[in-house]
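Trainee: Pasting a structure below so you can have a look.
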Amino acid sequence: SNNINYNPNKKSTKVLNGLIITSGQEFFEHYGMEFKDTGEFYKTGDNAGQPIRHVVIDENHNLPAEIKKFFDESLNFIKEYVGSENIRYAAIHLDESTPHMHIYFTPVVNEVKRKVFELDENGHQLKHEIVNKNGEKKLVPIQKKDENGKNIYETVKGKFLNSDQFWKQKGGKASFAKIQDDYNEFIISKGFDLDRGHVGANRHHQTKLEHRIKVLEETANQLENQIALYEETKTIN
């Protein structure tokens with residue numbers, strides 16, 4: 001629908017992405033919601049040994065005004081982030097230990113990068129034979145390269161269903177951390193005093209190579225310090 005294109009040559013396409021909006025029980029209690037013990041206890045995790053409590057729901061499933069505002073504003077943030085026309089489902093659930101909102105959206109982008117292939121005089125793709133990892137021979141299109149031998153890509157404008165490109169355009173490996181940062185800043189601006197939560201020392205998800213380089217640099221610094229200390233000791237003696 002909405003004239004959204006997708007790549008029919010891919011084996012699978014991610015049609016929906018999902019998000020959950022929630023907070024701790026203390027937040028909801030602060031704004032007037034009640035919780036009751038279920039008689040059960042958490043067996044694992046940070047809350048191990050603590051009682052499991054569920055929200056008390058009145059017969060009309062009414063939410064306190066501030067809680068309704070919290071979820072409404074959160075949905076507005078996601079609409080702005082993914083495009084309101086791409087929201088497919090949004091609903092508040094009260095059946096677990098904390099109220100939460102499930103949101104599902106189609107990851108649509110306005111442009112995609114596509115490979116450019118070599119063509120013959122009739123405009124048909126040129127192909128060459130390769131041997132795949134299973135030892136099977138197959139014909140595959142030849143990707144066009146520039147004068148430096150690098151693969152050529154073209155940017156195509158439109159509306160495309162492409163989850164990989166969507167998150168790359170939002171920051172790649174740092175996108176999940178960034179959306180949480182941006183959301184926290186947004187919801188605080190709406191009058192809700194909420195912490196960002198546990199970020200960790202590596203919130204932008206270092207790649208394995210980046211982490212390895214960091215470890216090697218730290219090791220090299222330690223060796224340099226040890227050498228300097230040895231030279232200093234030798235000089236003193």
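In the structure tokens, chains take letters A, B, ... by order of appearance, with residues numbered from 1 within each chain and ligands from 1 in the order shown.
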Got a sec: who's within 8 Å of region 37-40 of chain A, counting only C-alpha atoms, leaving out chain neighbours fewer than 2 positions off, as a list of chain:residue names?
Mentor: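 My list of contacting residues is A:Phe35, A:Tyr42, A:Pro51, A:Ile52, A:Arg53, A:His54.
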Trainee: Next, write the just-selected residues to a file, as a short mmCIF file (atom, residue, chain, number, x, y, z; two decimals), in the first residue's frame, keeping C-alpha atoms as the atom set.
Mentor:
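Output file out-v5.cif is given in full below:
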data_model
loop_
_atom_site.label_atom_id
_atom_site.label_comp_id
_atom_site.auth_asym_id
_atom_site.auth_seq_id
_atom_site.Cartn_x
_atom_site.Cartn_y
_atom_site.Cartn_z
CA PHE A 35 -0.13 -2.45 41.92
CA TYR A 42 11.04 -13.32 40.55
CA PRO A 51 7.49 -10.17 44.82
CA ILE A 52 5.87 -9.96 41.40
CA ARG A 53 3.23 -7.23 41.28
CA HIS A 54 0.72 -6.47 38.56
#
Trainee: Write out as a PDB file with N, CA, C and O atoms, in the first residue's frame each polymer residue whose atoms come within 10 Å of Val108 (chain A), counting only C-alpha atoms; drop sequence neighbours fewer than 5 positions from it.
Mentor:
ATOM      1  N   ILE A   4       4.586   1.697  -1.891  1.00  0.00           N
ATOM      2  CA  ILE A   4       5.884   1.364  -1.301  1.00  0.00           C
ATOM      3  C   ILE A   4       6.496   0.204  -2.074  1.00  0.00           C
ATOM      4  O   ILE A   4       5.846  -0.822  -2.293  1.00  0.00           O
ATOM      5  N   ASN A   5       7.742   0.370  -2.501  1.00  0.00           N
ATOM      6  CA  ASN A   5       8.434  -0.663  -3.258  1.00  0.00           C
ATOM      7  C   ASN A   5       9.288  -1.530  -2.337  1.00  0.00           C
ATOM      8  O   ASN A   5       9.690  -1.100  -1.259  1.00  0.00           O
ATOM      9  N   TYR A   6       9.577  -2.735  -2.766  1.00  0.00           N
ATOM     10  CA  TYR A   6      10.497  -3.615  -2.067  1.00  0.00           C
ATOM     11  C   TYR A   6      11.273  -4.420  -3.100  1.00  0.00           C
ATOM     12  O   TYR A   6      10.907  -4.458  -4.277  1.00  0.00           O
ATOM     13  N   VAL A  15       8.986  -6.783   7.018  1.00  0.00           N
ATOM     14  CA  VAL A  15       7.830  -5.930   6.776  1.00  0.00           C
ATOM     15  C   VAL A  15       7.571  -5.010   7.957  1.00  0.00           C
ATOM     16  O   VAL A  15       7.158  -3.857   7.786  1.00  0.00           O
ATOM     17  N   LEU A  16       7.820  -5.492   9.181  1.00  0.00           N
ATOM     18  CA  LEU A  16       7.535  -4.712  10.381  1.00  0.00           C
ATOM     19  C   LEU A  16       8.725  -4.687  11.329  1.00  0.00           C
ATOM     20  O   LEU A  16       9.472  -5.646  11.427  1.00  0.00           O
ATOM     21  N   VAL A  82       9.605   7.692  12.651  1.00  0.00           N
ATOM     22  CA  VAL A  82       9.449   6.709  11.561  1.00  0.00           C
ATOM     23  C   VAL A  82       8.472   7.166  10.487  1.00  0.00           C
ATOM     24  O   VAL A  82       8.371   6.528   9.447  1.00  0.00           O
ATOM     25  N   GLY A  83       7.743   8.272  10.744  1.00  0.00           N
ATOM     26  CA  GLY A  83       6.701   8.710   9.816  1.00  0.00           C
ATOM     27  C   GLY A  83       5.353   8.181  10.262  1.00  0.00           C
ATOM     28  O   GLY A  83       5.171   6.956  10.349  1.00  0.00           O
ATOM     29  N   GLU A  85       2.611   7.885   8.826  1.00  0.00           N
ATOM     30  CA  GLU A  85       1.938   7.035   7.844  1.00  0.00           C
ATOM     31  C   GLU A  85       2.459   5.604   7.860  1.00  0.00           C
ATOM     32  O   GLU A  85       1.829   4.701   7.293  1.00  0.00           O
ATOM     33  N   ASN A  86       3.598   5.382   8.526  1.00  0.00           N
ATOM     34  CA  ASN A  86       4.186   4.040   8.568  1.00  0.00           C
ATOM     35  C   ASN A  86       3.836   3.259   9.833  1.00  0.00           C
ATOM     36  O   ASN A  86       4.219   2.099   9.966  1.00  0.00           O
ATOM     37  N   GLY A 158      12.530   7.411  -3.962  1.00  0.00           N
ATOM     38  CA  GLY A 158      11.192   6.823  -3.965  1.00  0.00           C
ATOM     39  C   GLY A 158      10.773   6.455  -2.556  1.00  0.00           C
ATOM     40  O   GLY A 158      11.228   7.055  -1.570  1.00  0.00           O
ATOM     41  N   LYS A 159       9.923   5.470  -2.418  1.00  0.00           N
ATOM     42  CA  LYS A 159       9.506   4.940  -1.119  1.00  0.00           C
ATOM     43  C   LYS A 159       9.790   3.447  -1.125  1.00  0.00           C
ATOM     44  O   LYS A 159       9.210   2.698  -1.909  1.00  0.00           O
ATOM     45  N   PHE A 160      10.705   3.029  -0.238  1.00  0.00           N
ATOM     46  CA  PHE A 160      11.171   1.649  -0.267  1.00  0.00           C
ATOM     47  C   PHE A 160      11.063   1.013   1.115  1.00  0.00           C
ATOM     48  O   PHE A 160      11.388   1.644   2.126  1.00  0.00           O
ATOM     49  N   LEU A 161      10.622  -0.221   1.129  1.00  0.00           N
ATOM     50  CA  LEU A 161      10.582  -1.012   2.355  1.00  0.00           C
ATOM     51  C   LEU A 161      11.946  -1.670   2.516  1.00  0.00           C
ATOM     52  O   LEU A 161      12.273  -2.621   1.821  1.00  0.00           O
ATOM     53  N   ASN A 162      12.756  -1.131   3.440  1.00  0.00           N
ATOM     54  CA  ASN A 162      14.127  -1.617   3.562  1.00  0.00           C
ATOM     55  C   ASN A 162      14.616  -1.365   4.985  1.00  0.00           C
ATOM     56  O   ASN A 162      15.056  -0.266   5.324  1.00  0.00           O
ATOM     57  N   SER A 163      14.545  -2.390   5.821  1.00  0.00           N
ATOM     58  CA  SER A 163      14.900  -2.246   7.236  1.00  0.00           C
ATOM     59  C   SER A 163      16.379  -1.926   7.422  1.00  0.00           C
ATOM     60  O   SER A 163      16.748  -1.087   8.253  1.00  0.00           O
ATOM     61  N   GLN A 165      18.521  -0.372   5.358  1.00  0.00           N
ATOM     62  CA  GLN A 165      18.783   1.016   5.002  1.00  0.00           C
ATOM     63  C   GLN A 165      18.159   1.980   6.013  1.00  0.00           C
ATOM     64  O   GLN A 165      18.732   3.030   6.316  1.00  0.00           O
ATOM     65  N   PHE A 166      16.999   1.640   6.543  1.00  0.00           N
ATOM     66  CA  PHE A 166      16.318   2.499   7.519  1.00  0.00           C
ATOM     67  C   PHE A 166      17.225   2.751   8.716  1.00  0.00           C
ATOM     68  O   PHE A 166      17.451   3.893   9.120  1.00  0.00           O
TER      69      PHE A 166
END
Trainee: Just the residues within 7 Å of Lys157 (chain A), please, counting only C-alpha atoms, with nothing from its chain fewer than 5 positions along; format it as a PyMOL selection string.
Mentor: chain A and resi 110-112
Trainee: Point out the residue among A:Ile188, A:Ile130, A:Val116, A:Leu194 with the least atom-to-atom distance to Glu73 (chain A), counting only C-alpha atoms.
Mentor: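 Distance minimum relative to Glu73 (chain A) lands on A:Ile188.
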Trainee: In terms of the shortest atom-to-atom distance over only C-alpha atoms, which of A:Lys113, A:His100, A:Lys68, A:Lys36 is closest to Ile20 (chain A)?
Mentor: A:His100
